[in-house]
Every structure is written in C-alpha cells, then in structure tokens.
$ cat data-v8.tsv   # TSV, C-alpha atoms
chain	number	residue	atom	x	y	z
A	819	MET	CA	5.44	17.31	8.75
A	820	GLN	CA	4.49	13.88	7.43
A	821	ILE	CA	0.96	12.94	6.43
A	822	ASP	CA	0.80	10.19	9.05
A	823	GLU	CA	0.62	12.98	11.60
A	824	LEU	CA	-2.89	13.51	10.22
A	825	ASN	CA	-3.76	10.33	12.12
A	826	SER	CA	-4.42	8.01	9.17
A	827	PRO	CA	-3.43	4.36	9.58
A	828	ASN	CA	-1.81	4.67	6.15
A	829	SER	CA	1.26	6.75	5.47
A	830	PRO	CA	1.55	8.27	1.98
A	831	ASN	CA	4.85	9.72	0.90
A	832	ASP	CA	3.43	13.23	0.52
A	833	GLU	CA	4.52	15.91	2.92
A	834	LEU	CA	2.44	18.65	4.45
A	835	ILE	CA	3.82	22.10	3.73
A	836	LEU	CA	1.75	23.66	6.51
A	837	SER	CA	1.54	22.68	10.16
A	838	HIS	CA	-1.74	22.84	12.08
A	839	GLU	CA	-0.48	25.94	13.87
A	840	GLU	CA	0.30	27.67	10.57
A	841	ILE	CA	-3.13	26.78	9.16
A	842	GLU	CA	-4.84	28.24	12.23
A	843	LYS	CA	-3.13	31.61	11.65
A	844	PHE	CA	-4.91	32.15	8.33
A	845	PRO	CA	-8.26	34.00	8.29
A	846	LYS	CA	-11.25	31.70	7.94
A	847	SER	CA	-12.09	33.44	4.65
A	848	PHE	CA	-8.89	31.92	3.24
A	849	TYR	CA	-10.21	28.46	4.16
A	850	THR	CA	-13.47	29.04	2.29
A	851	HIS	CA	-11.82	30.41	-0.84
A	852	ALA	CA	-9.03	27.82	-0.99
A	853	GLU	CA	-11.55	25.01	-0.57
A	854	ALA	CA	-13.86	26.50	-3.22
A	855	ILE	CA	-11.01	26.68	-5.73
A	856	PHE	CA	-10.04	23.09	-4.90
A	857	HIS	CA	-13.61	21.85	-5.39
A	858	LEU	CA	-13.97	23.75	-8.67
A	859	GLN	CA	-10.75	22.14	-9.81
A	860	GLU	CA	-12.04	18.69	-8.78
A	861	VAL	CA	-15.17	19.00	-10.93
A	862	GLY	CA	-13.36	20.56	-13.89
A	863	ILE	CA	-14.88	24.04	-13.77
A	864	GLU	CA	-12.76	26.93	-15.03
A	865	ILE	CA	-11.49	28.76	-11.97
A	866	LYS	CA	-12.44	32.40	-12.35
A	867	GLN	CA	-13.28	34.83	-9.58
A	868	THR	CA	-16.89	34.90	-10.76
A	869	ARG	CA	-17.10	31.10	-10.41
A	870	VAL	CA	-15.63	31.25	-6.92
A	871	ALA	CA	-18.14	33.94	-5.95
A	872	GLU	CA	-21.03	31.81	-7.25
A	873	TRP	CA	-19.71	28.73	-5.45
A	874	ILE	CA	-19.35	30.48	-2.10
A	875	GLY	CA	-22.41	32.70	-2.48
A	876	VAL	CA	-20.70	36.09	-2.07
A	877	SER	CA	-20.05	39.06	-4.34
A	878	ARG	CA	-17.24	39.08	-6.87
A	879	ALA	CA	-15.85	42.18	-5.15
A	880	ASN	CA	-15.58	40.20	-1.91
A	881	VAL	CA	-13.75	37.38	-3.68
A	882	SER	CA	-11.39	39.84	-5.38
A	883	GLN	CA	-10.46	41.32	-2.01
A	884	VAL	CA	-9.80	37.94	-0.37
A	885	VAL	CA	-7.92	36.60	-3.40
A	886	GLY	CA	-5.61	39.63	-3.29
A	887	ARG	CA	-4.80	38.93	0.33
A	888	MET	CA	-4.25	35.25	-0.40
A	889	GLN	CA	-1.89	36.19	-3.22
A	890	ASN	CA	0.10	38.36	-0.83
A	891	SER	CA	0.27	35.40	1.56
A	892	GLY	CA	1.67	33.12	-1.16
A	893	LEU	CA	-1.44	30.93	-1.50
A	894	ILE	CA	-2.67	31.92	-4.99
A	895	LYS	CA	-1.16	32.74	-8.38
A	896	LEU	CA	-3.12	35.16	-10.55
A	897	ASN	CA	-2.98	34.15	-14.22
A	898	ASP	CA	-5.84	33.89	-16.72
A	899	SER	CA	-7.53	31.82	-14.03
A	900	LEU	CA	-6.93	31.36	-10.32
A	901	GLU	CA	-4.31	28.81	-9.38
A	902	LEU	CA	-3.37	27.58	-5.92
A	903	THR	CA	0.31	27.53	-5.09
A	904	ASP	CA	1.72	24.40	-3.43
A	905	THR	CA	1.07	26.05	-0.07
A	906	GLY	CA	-2.44	27.08	-1.09
A	907	LEU	CA	-3.20	23.56	-2.32
A	908	CYS	CA	-2.02	22.14	1.00
A	909	LEU	CA	-4.37	24.50	2.85
A	910	ALA	CA	-7.25	23.59	0.52
A	911	LYS	CA	-6.68	19.86	0.94
A	912	CYS	CA	-6.46	20.13	4.74
A	913	ILE	CA	-9.75	22.03	4.92
A	914	SER	CA	-11.43	19.67	2.44
A	915	ARG	CA	-10.14	16.75	4.51
A	916	ARG	CA	-11.74	18.22	7.64
A	917	HIS	CA	-14.94	18.82	5.65
A	918	ARG	CA	-15.34	15.26	4.40
A	919	ILE	CA	-14.42	13.63	7.70
A	920	THR	CA	-16.95	15.86	9.46
A	921	GLU	CA	-19.62	15.05	6.86
A	922	ARG	CA	-19.26	11.37	7.61
A	923	PHE	CA	-19.31	11.95	11.35
A	924	LEU	CA	-22.43	14.13	11.25
A	925	SER	CA	-24.33	11.82	8.89
A	926	GLU	CA	-23.21	8.41	10.18
A	927	VAL	CA	-22.63	8.96	13.89
A	928	LEU	CA	-24.99	11.84	14.71
A	929	ASN	CA	-27.51	10.75	12.03
A	930	LEU	CA	-28.15	14.27	10.79
A	931	PRO	CA	-30.19	14.39	7.56
A	932	TRP	CA	-28.18	15.15	4.43
A	933	ASP	CA	-29.76	18.56	3.92
A	934	LYS	CA	-28.34	19.65	7.31
A	935	VAL	CA	-24.95	17.99	7.00
A	936	TYR	CA	-23.45	20.39	4.44
A	937	GLU	CA	-24.51	23.49	6.38
A	938	GLU	CA	-23.24	22.17	9.72
A	939	THR	CA	-20.00	20.88	8.23
A	940	SER	CA	-19.13	24.36	6.97
A	941	ARG	CA	-19.12	25.48	10.61
A	942	TRP	CA	-17.24	22.50	12.06
A	943	GLU	CA	-14.45	22.44	9.46
A	944	ASN	CA	-13.21	25.85	10.61
A	945	VAL	CA	-12.50	24.71	14.16
A	946	LEU	CA	-11.68	20.99	13.91
A	947	SER	CA	-8.47	20.14	15.78
A	948	PRO	CA	-6.11	17.23	15.03
A	949	VAL	CA	-7.19	15.59	18.30
A	950	THR	CA	-10.87	15.67	17.34
A	951	GLU	CA	-10.10	14.63	13.78
A	952	LYS	CA	-8.18	11.61	15.08
A	953	ALA	CA	-11.08	10.57	17.30
A	954	MET	CA	-13.58	10.94	14.45
A	955	LEU	CA	-11.45	8.90	12.07
A	956	LYS	CA	-11.01	6.09	14.57
A	957	LEU	CA	-14.74	5.97	15.30
A	958	LEU	CA	-15.54	5.95	11.57
A	959	GLY	CA	-13.04	3.20	10.79
A	960	TYR	CA	-10.62	5.39	8.81
A	961	PRO	CA	-12.68	6.01	5.63
A	962	ASN	CA	-11.01	7.40	2.52
A	963	THR	CA	-14.08	9.17	1.09
A	964	GLY	CA	-16.78	11.46	2.36
A	965	PRO	CA	-20.38	10.20	2.46
A	966	PHE	CA	-20.91	11.37	-1.13
A	967	GLY	CA	-17.93	9.38	-2.41
A	968	ASN	CA	-15.53	12.31	-2.81
A	969	PRO	CA	-11.97	11.44	-1.74
A	970	ILE	CA	-10.64	12.55	1.62
A	971	PRO	CA	-7.27	14.20	0.88
A	972	TYR	CA	-4.22	12.47	2.37
A	973	SER	CA	-6.07	9.19	2.92
A	974	ASN	CA	-4.42	6.90	0.33
A	975	TYR	CA	-7.60	7.04	-1.76
A	976	GLN	CA	-7.32	5.00	-4.97
A	977	GLU	CA	-9.87	6.13	-7.54
A	978	LYS	CA	-11.77	3.51	-9.50
A	979	LYS	CA	-12.51	3.80	-13.19
A	980	MET	CA	-15.78	5.76	-13.29
A	981	GLU	CA	-18.17	7.27	-15.83
A	982	ASN	CA	-20.94	9.78	-15.30
A	983	LEU	CA	-24.52	8.67	-15.96
A	984	LEU	CA	-24.57	10.41	-19.35
A	985	ASN	CA	-21.86	8.13	-20.68
A	986	VAL	CA	-22.99	4.64	-19.66
A	987	GLU	CA	-24.84	1.93	-21.54
A	988	SER	CA	-28.59	1.56	-21.16
A	989	ASN	CA	-30.18	-1.41	-19.38
A	990	LYS	CA	-26.97	-2.33	-17.60
A	991	LYS	CA	-26.42	-2.30	-13.83
A	992	TYR	CA	-23.96	0.14	-12.29
A	993	SER	CA	-23.03	1.20	-8.76
A	994	ILE	CA	-23.01	4.86	-7.76
A	995	GLU	CA	-19.51	5.82	-6.59
A	996	LYS	CA	-19.47	9.60	-6.30
A	997	ILE	CA	-21.74	12.66	-6.31
A	998	THR	CA	-19.86	15.89	-7.01
A	999	GLU	CA	-19.75	18.85	-4.66
A	1000	GLU	CA	-21.98	20.93	-6.95
A	1001	LEU	CA	-25.04	18.81	-6.18
A	1002	LYS	CA	-24.35	18.85	-2.44
A	1003	LYS	CA	-24.57	22.64	-2.22
A	1004	ASP	CA	-28.34	22.71	-2.82
A	1005	ALA	CA	-30.47	21.41	0.07
A	1006	SER	CA	-33.42	20.66	-2.21
A	1007	MET	CA	-31.12	18.72	-4.54
A	1008	ILE	CA	-29.78	16.70	-1.64
A	1009	ASP	CA	-33.34	15.92	-0.57
A	1010	PHE	CA	-34.14	14.75	-4.11
A	1011	LEU	CA	-31.06	12.50	-4.22
A	1012	GLN	CA	-31.80	11.01	-0.82
A	1013	THR	CA	-35.51	10.46	-1.57
A	1014	HIS	CA	-34.62	8.56	-4.74
A	1015	GLU	CA	-31.76	6.62	-3.09
A	1016	MET	CA	-29.13	8.19	-5.31
A	1017	LEU	CA	-26.36	7.47	-2.84
A	1018	PRO	CA	-22.88	5.92	-3.12
A	1019	GLY	CA	-23.28	2.14	-3.18
A	1020	THR	CA	-26.73	2.25	-4.76
A	1021	GLU	CA	-27.41	0.07	-7.82
A	1022	VAL	CA	-28.61	2.12	-10.78
A	1023	VAL	CA	-29.88	1.26	-14.25
A	1024	VAL	CA	-30.33	3.77	-17.09
A	1025	ALA	CA	-33.44	3.02	-19.15
A	1026	ASP	CA	-33.12	5.64	-21.87
A	1027	ALA	CA	-31.79	9.12	-22.58
A	1028	GLY	CA	-33.60	12.02	-24.22
A	1029	ASP	CA	-32.46	15.45	-25.32
A	1030	TYR	CA	-32.84	16.99	-21.88
A	1031	SER	CA	-33.15	14.15	-19.37
A	1032	ILE	CA	-32.53	10.48	-18.76
A	1033	THR	CA	-34.71	7.85	-17.10
A	1034	ILE	CA	-33.16	5.70	-14.39
A	1035	SER	CA	-34.04	3.21	-11.67
A	1036	THR	CA	-32.25	2.86	-8.33
A	1037	ASN	CA	-32.17	-0.35	-6.29
A	1038	LYS	CA	-34.71	-1.93	-8.68
A	1039	SER	CA	-37.38	0.63	-7.75
A	1040	ASP	CA	-39.69	2.51	-10.11
A	1041	TYR	CA	-38.13	4.52	-12.92
A	1042	PHE	CA	-37.85	8.29	-12.65
A	1043	GLY	CA	-36.29	11.10	-14.67
A	1044	ILE	CA	-33.26	13.26	-13.89
A	1045	ASP	CA	-31.98	16.14	-15.99
A	1046	LYS	CA	-28.61	16.02	-17.67
A	1047	PHE	CA	-27.10	18.51	-15.19
A	1048	ILE	CA	-27.56	15.90	-12.45
A	1049	ALA	CA	-26.61	12.94	-14.63
A	1050	LYS	CA	-23.29	14.54	-15.54
A	1051	ARG	CA	-22.40	14.89	-11.87
A	1052	VAL	CA	-23.25	11.38	-10.66
A	1053	PHE	CA	-20.40	8.91	-11.25
A	1054	VAL	CA	-20.79	5.14	-11.41
A	1055	SER	CA	-18.66	2.05	-11.94

$ encode --input "data-v8.tsv" --output "structure tokens"
Amino acid sequence: MQIDELNSPNSPNDELILSHEEIEKFPKSFYTHAEAIFHLQEVGIEIKQTRVAEWIGVSRANVSQVVGRMQNSGLIKLNDSLELTDTGLCLAKCISRRHRITERFLSEVLNLPWDKVYEETSRWENVLSPVTEKAMLKLLGYPNTGPFGNPIPYSNYQEKKMENLLNVESNKKYSIEKITEELKKDASMIDFLQTHEMLPGTEVVVADAGDYSITISTNKSDYFGIDKFIAKRVFVS
C-alpha cells in the first residue's frame, strides 16, 4: 500500500508494510508500546523495558509480557535494547501519525487546552479510521507536524537545522520549532510551557545560563528561568 493512501496531498516513495485492516487486528497494547519505543527513539533515550514502562506508566512486568507477545508477532527484536522490526516501525509510525493529527485537531479545531489534548489524544488514536483522518487533514490544511512541532510520519516533513536551548548563543533571537514528547507527558509542564508562551513559532532569547538553569524571554516578555531538563528538550532555529 502506498503512502498516498494515507490521504496526504504529497506522495513519498515509502511503502506501508501494514494495511489499516492489519493494524486494527493488533491489540491496543501493541499500539501503546510501539509508539512509546518510537518516541524514545526520537528523543535519543536508550530503549530498555524499564524506560518503556516509565514512559507508559505501567510496571516493567507488564511491559515484559507485552514485548514478548510483540516479538512473537514479528514487531520487536530483543537485543541489548528493544528494537522495532520494519513491521513494528510501520505500526509505530502509523499510530504516531494518528496521534499528532489528532493533537492538532483537538487543539486547533476543538480548542481544547493543551493539558487535556495529550490525554484525549491517547484515546482517539486507538480508534481513528482512514476516513476520519482524511477529513481531519483536509480541515487542518495538511500539516506535517503536530502542534508541538514533532513531525507527522509519512507527511513529507523536512527537518530544519535545529539546536536545543542549551546550545545556542546568548542575546540572540531564535524561533521555537519543536518540544519533545517527554515534556508533553506532564500536564503541569504543559501548563508551564503554555503560560510562558513556549510554543512552536514563538520568538525566544536566552539571557544567560547557570549551572542548573537558564534565563530566557519569549516574545519580548519578561525574563524567567527554566531548568536544563526543559532547555535540552526545546529546539529552536
């Protein structure tokens, strides 16, 4: 099946290994675990079962059980770390694609606050059909990123050259491009980012950096501090 069947106006050369019908046959727990592994891979975190358990918020024993079933289904390779097979990566990308399209729809069309978007999206992504996905994409104008700047898989996304806020020059203007999935998982963190206008497209200036935090200004507003955990996960150009 070609990617253009995913209803994008662009047509990459990639091919989908799984059809929608095949994806729907997998347990929903496979969706969650495949997507978690994909997101961990995106942010450069070593993919161990413990990390997956922390990401999803379940026990390691639960992850071990699901991973074993996914291995039997040809979705995961068990080496020193977890690795998605080509089929597993296709599943992960399809679910992540649903997730990021739904995030945009809930935040931009339904105007849900950010702290509710992540929770609601986790429900919607499990049941989104190609027909609904197509309608959402058309209404949204065929975006290639989610509302936090993370690429929508199979959308012809072309990544810009970016640096995280720890690695930029002081007193120089930058534009926020992407906020990693780690920061989105915490509702209080999302509220902090939204309150301080730390959103994709926002202008940001770094005033100075200390041992544990940096001082920044967004959209020429007052300066405020963020810790280095946050700074490392906010990318600018």

$ residues_around --input "data-v8.tsv" --residues "A:Asp1040" --least-positions-apart "4" --cutoff "12 Å" --atoms "all atoms listed in the file" --output "PDB file with C-alpha atoms, in the frame of the given file"
ATOM      1  CA  HIS A1014     -34.620   8.560  -4.740  1.00  0.00           C
ATOM      2  CA  GLU A1015     -31.760   6.620  -3.090  1.00  0.00           C
ATOM      3  CA  VAL A1022     -28.610   2.120 -10.780  1.00  0.00           C
ATOM      4  CA  VAL A1023     -29.880   1.260 -14.250  1.00  0.00           C
ATOM      5  CA  VAL A1024     -30.330   3.770 -17.090  1.00  0.00           C
ATOM      6  CA  ALA A1025     -33.440   3.020 -19.150  1.00  0.00           C
ATOM      7  CA  THR A1033     -34.710   7.850 -17.100  1.00  0.00           C
ATOM      8  CA  ILE A1034     -33.160   5.700 -14.390  1.00  0.00           C
ATOM      9  CA  SER A1035     -34.040   3.210 -11.670  1.00  0.00           C
ATOM     10  CA  THR A1036     -32.250   2.860  -8.330  1.00  0.00           C
TER      11      THR A1036
END

$ closest_residue --input "data-v8.tsv" --among "A:Ser1055, A:Glu995, A:Gly959, A:Trp932" --to "A:Gln1012" --atoms "all atoms listed in the file"
A:Trp932

$ residues_around --input "data-v8.tsv" --residues "A:Gly1019" --least-positions-apart "5" --cutoff "9 Å" --atoms "all atoms listed in the file" --output "list in words"
Ser993, Ile994, Glu995 and Lys996 of chain A

$ closest_residue --input "data-v8.tsv" --among "A:Ser899, A:Asn985, A:Ser847, A:Gln976" --to "A:Gln883" --atoms "all atoms listed in the file"
A:Ser847

$ residues_around --input "data-v8.tsv" --residues "stretch 875-881 of chain A" --least-positions-apart "3" --cutoff "12 Å" --atoms "only C-alpha atoms" --output "PyMOL selection string"
chain A and resi 847-848+850-852+854-855+866-872+884-889+900+1003-1004

$ closest_residue --input "data-v8.tsv" --among "A:Leu893, A:Ile865, A:Ile1008, A:Val945" --to "A:Ile835" --atoms "all atoms listed in the file"
A:Leu893

$ closest_residue --input "data-v8.tsv" --among "A:Ile863, A:Leu1011, A:Leu1017, A:Ile919" --to "A:Pro961" --atoms "only C-alpha atoms"
A:Ile919

$ atom_distance --input "data-v8.tsv" --atom1 "atom CA of A:Thr903" --atom2 "atom CA of A:Lys952"
27.1 Å

$ closest_atom_pairs --input "data-v8.tsv" --of "stretch 856-941 of chain A" --to "stretch 962-975 of chain A" --cutoff "6 Å" --atoms "all atoms listed in the file" --output "CSV"
residue,atom,partner,partner_atom,distance
A:Lys911,CA,A:Pro971,CA,5.7
A:Arg915,CA,A:Ile970,CA,5.1
A:Arg918,CA,A:Gly964,CA,4.5
A:Arg922,CA,A:Pro965,CA,5.4

$ atom_distance --input "data-v8.tsv" --atom1 "atom CA of A:Phe844" --atom2 "atom CA of A:Lys1002"
25.9 Å

$ closest_residue --input "data-v8.tsv" --among "A:Leu834, A:Leu858, A:Ser947, A:Arg916" --to "A:Asp904" --atoms "all atoms listed in the file"
A:Leu834

$ closest_residue --input "data-v8.tsv" --among "A:Lys991, A:Val1054, A:Glu977, A:Glu999" --to "A:Pro1018" --atoms "all atoms listed in the file"
A:Val1054

$ residues_around --input "data-v8.tsv" --residues "A:Tyr849" --least-positions-apart "6" --cutoff "10 Å" --atoms "all atoms listed in the file" --output "CSV table (one decimal) with C-alpha atoms, in the frame of the given file"
chain,number,residue,atom,x,y,z
A,841,ILE,CA,-3.1,26.8,9.2
A,842,GLU,CA,-4.8,28.2,12.2
A,906,GLY,CA,-2.4,27.1,-1.1
A,909,LEU,CA,-4.4,24.5,2.8
A,910,ALA,CA,-7.2,23.6,0.5
A,911,LYS,CA,-6.7,19.9,0.9
A,912,CYS,CA,-6.5,20.1,4.7
A,913,ILE,CA,-9.8,22.0,4.9
A,914,SER,CA,-11.4,19.7,2.4
A,943,GLU,CA,-14.4,22.4,9.5
A,944,ASN,CA,-13.2,25.8,10.6

$ atom_distance --input "data-v8.tsv" --atom1 "atom CA of A:Pro948" --atom2 "atom CA of A:His838"
7.7 Å

$ residues_around --input "data-v8.tsv" --residues "A:Phe923" --least-positions-apart "2" --cutoff "10 Å" --atoms "all atoms listed in the file" --output "PyMOL selection string"
chain A and resi 917-921+925-930+935+939+951+954-955+957-958+964-965

$ axis_aligned_box --input "data-v8.tsv" --around "stretch 997-1015 of chain A" --padding-each-side "5 Å" --output "lines of an AutoDock Vina configuration file"
center_x = -27.6
center_y = 14.7
center_z = -3.5
size_x = 25.8
size_y = 26.1
size_z = 17.1

$ build_atoms --input "data-v8.tsv" --residues "stretch 875-895 of chain A" --atoms "N, CA, C and O atoms" --output "mmCIF file, keeping the file's coordinate frame"
data_model
loop_
_atom_site.group_PDB
_atom_site.id
_atom_site.type_symbol
_atom_site.label_atom_id
_atom_site.label_comp_id
_atom_site.auth_asym_id
_atom_site.auth_seq_id
_atom_site.Cartn_x
_atom_site.Cartn_y
_atom_site.Cartn_z
ATOM 1 N N GLY A 875 -21.195 31.936 -2.724
ATOM 2 C CA GLY A 875 -22.410 32.700 -2.480
ATOM 3 C C GLY A 875 -22.130 34.090 -1.952
ATOM 4 O O GLY A 875 -22.861 34.596 -1.087
ATOM 5 N N VAL A 876 -21.057 34.715 -2.469
ATOM 6 C CA VAL A 876 -20.700 36.090 -2.070
ATOM 7 C C VAL A 876 -20.511 36.904 -3.340
ATOM 8 O O VAL A 876 -20.578 36.388 -4.451
ATOM 9 N N SER A 877 -20.247 38.197 -3.175
ATOM 10 C CA SER A 877 -20.050 39.060 -4.340
ATOM 11 C C SER A 877 -18.663 38.852 -4.943
ATOM 12 O O SER A 877 -17.727 38.423 -4.260
ATOM 13 N N ARG A 878 -18.538 39.191 -6.212
ATOM 14 C CA ARG A 878 -17.240 39.080 -6.870
ATOM 15 C C ARG A 878 -16.242 40.036 -6.243
ATOM 16 O O ARG A 878 -15.042 39.743 -6.153
ATOM 17 N N ALA A 879 -16.733 41.203 -5.797
ATOM 18 C CA ALA A 879 -15.850 42.180 -5.150
ATOM 19 C C ALA A 879 -15.241 41.591 -3.869
ATOM 20 O O ALA A 879 -14.060 41.800 -3.571
ATOM 21 N N ASN A 880 -16.065 40.846 -3.124
ATOM 22 C CA ASN A 880 -15.580 40.200 -1.910
ATOM 23 C C ASN A 880 -14.491 39.181 -2.232
ATOM 24 O O ASN A 880 -13.447 39.116 -1.567
ATOM 25 N N VAL A 881 -14.737 38.381 -3.275
ATOM 26 C CA VAL A 881 -13.750 37.380 -3.680
ATOM 27 C C VAL A 881 -12.453 38.048 -4.123
ATOM 28 O O VAL A 881 -11.356 37.613 -3.770
ATOM 29 N N SER A 882 -12.570 39.120 -4.896
ATOM 30 C CA SER A 882 -11.390 39.840 -5.380
ATOM 31 C C SER A 882 -10.534 40.333 -4.227
ATOM 32 O O SER A 882 -9.295 40.237 -4.261
ATOM 33 N N GLN A 883 -11.176 40.812 -3.185
ATOM 34 C CA GLN A 883 -10.460 41.320 -2.010
ATOM 35 C C GLN A 883 -9.719 40.192 -1.301
ATOM 36 O O GLN A 883 -8.534 40.309 -0.966
ATOM 37 N N VAL A 884 -10.415 39.072 -1.075
ATOM 38 C CA VAL A 884 -9.800 37.940 -0.370
ATOM 39 C C VAL A 884 -8.687 37.318 -1.206
ATOM 40 O O VAL A 884 -7.620 36.980 -0.688
ATOM 41 N N VAL A 885 -8.930 37.180 -2.514
ATOM 42 C CA VAL A 885 -7.920 36.600 -3.400
ATOM 43 C C VAL A 885 -6.644 37.431 -3.392
ATOM 44 O O VAL A 885 -5.526 36.892 -3.396
ATOM 45 N N GLY A 886 -6.788 38.760 -3.364
ATOM 46 C CA GLY A 886 -5.610 39.630 -3.290
ATOM 47 C C GLY A 886 -4.807 39.384 -2.035
ATOM 48 O O GLY A 886 -3.558 39.339 -2.073
ATOM 49 N N ARG A 887 -5.490 39.206 -0.936
ATOM 50 C CA ARG A 887 -4.800 38.930 0.330
ATOM 51 C C ARG A 887 -4.148 37.554 0.313
ATOM 52 O O ARG A 887 -3.043 37.365 0.840
ATOM 53 N N MET A 888 -4.825 36.587 -0.304
ATOM 54 C CA MET A 888 -4.250 35.250 -0.400
ATOM 55 C C MET A 888 -3.021 35.245 -1.312
ATOM 56 O O MET A 888 -2.051 34.518 -1.065
ATOM 57 N N GLN A 889 -3.054 36.068 -2.358
ATOM 58 C CA GLN A 889 -1.890 36.190 -3.220
ATOM 59 C C GLN A 889 -0.704 36.766 -2.453
ATOM 60 O O GLN A 889 0.432 36.272 -2.568
ATOM 61 N N ASN A 890 -0.962 37.770 -1.641
ATOM 62 C CA ASN A 890 0.100 38.360 -0.830
ATOM 63 C C ASN A 890 0.663 37.386 0.195
ATOM 64 O O ASN A 890 1.819 37.497 0.611
ATOM 65 N N SER A 891 -0.158 36.411 0.582
ATOM 66 C CA SER A 891 0.270 35.400 1.560
ATOM 67 C C SER A 891 0.897 34.176 0.883
ATOM 68 O O SER A 891 1.221 33.198 1.560
ATOM 69 N N GLY A 892 1.017 34.214 -0.445
ATOM 70 C CA GLY A 892 1.670 33.120 -1.160
ATOM 71 C C GLY A 892 0.794 31.892 -1.361
ATOM 72 O O GLY A 892 1.316 30.795 -1.570
ATOM 73 N N LEU A 893 -0.523 32.072 -1.362
ATOM 74 C CA LEU A 893 -1.440 30.930 -1.500
ATOM 75 C C LEU A 893 -2.029 30.806 -2.904
ATOM 76 O O LEU A 893 -2.495 29.731 -3.282
ATOM 77 N N ILE A 894 -2.026 31.897 -3.666
ATOM 78 C CA ILE A 894 -2.670 31.920 -4.990
ATOM 79 C C ILE A 894 -1.758 32.607 -5.996
ATOM 80 O O ILE A 894 -1.072 33.585 -5.677
ATOM 81 N N LYS A 895 -1.776 32.082 -7.231
ATOM 82 C CA LYS A 895 -1.160 32.740 -8.380
ATOM 83 C C LYS A 895 -2.282 33.310 -9.239
ATOM 84 O O LYS A 895 -3.285 32.631 -9.481
#
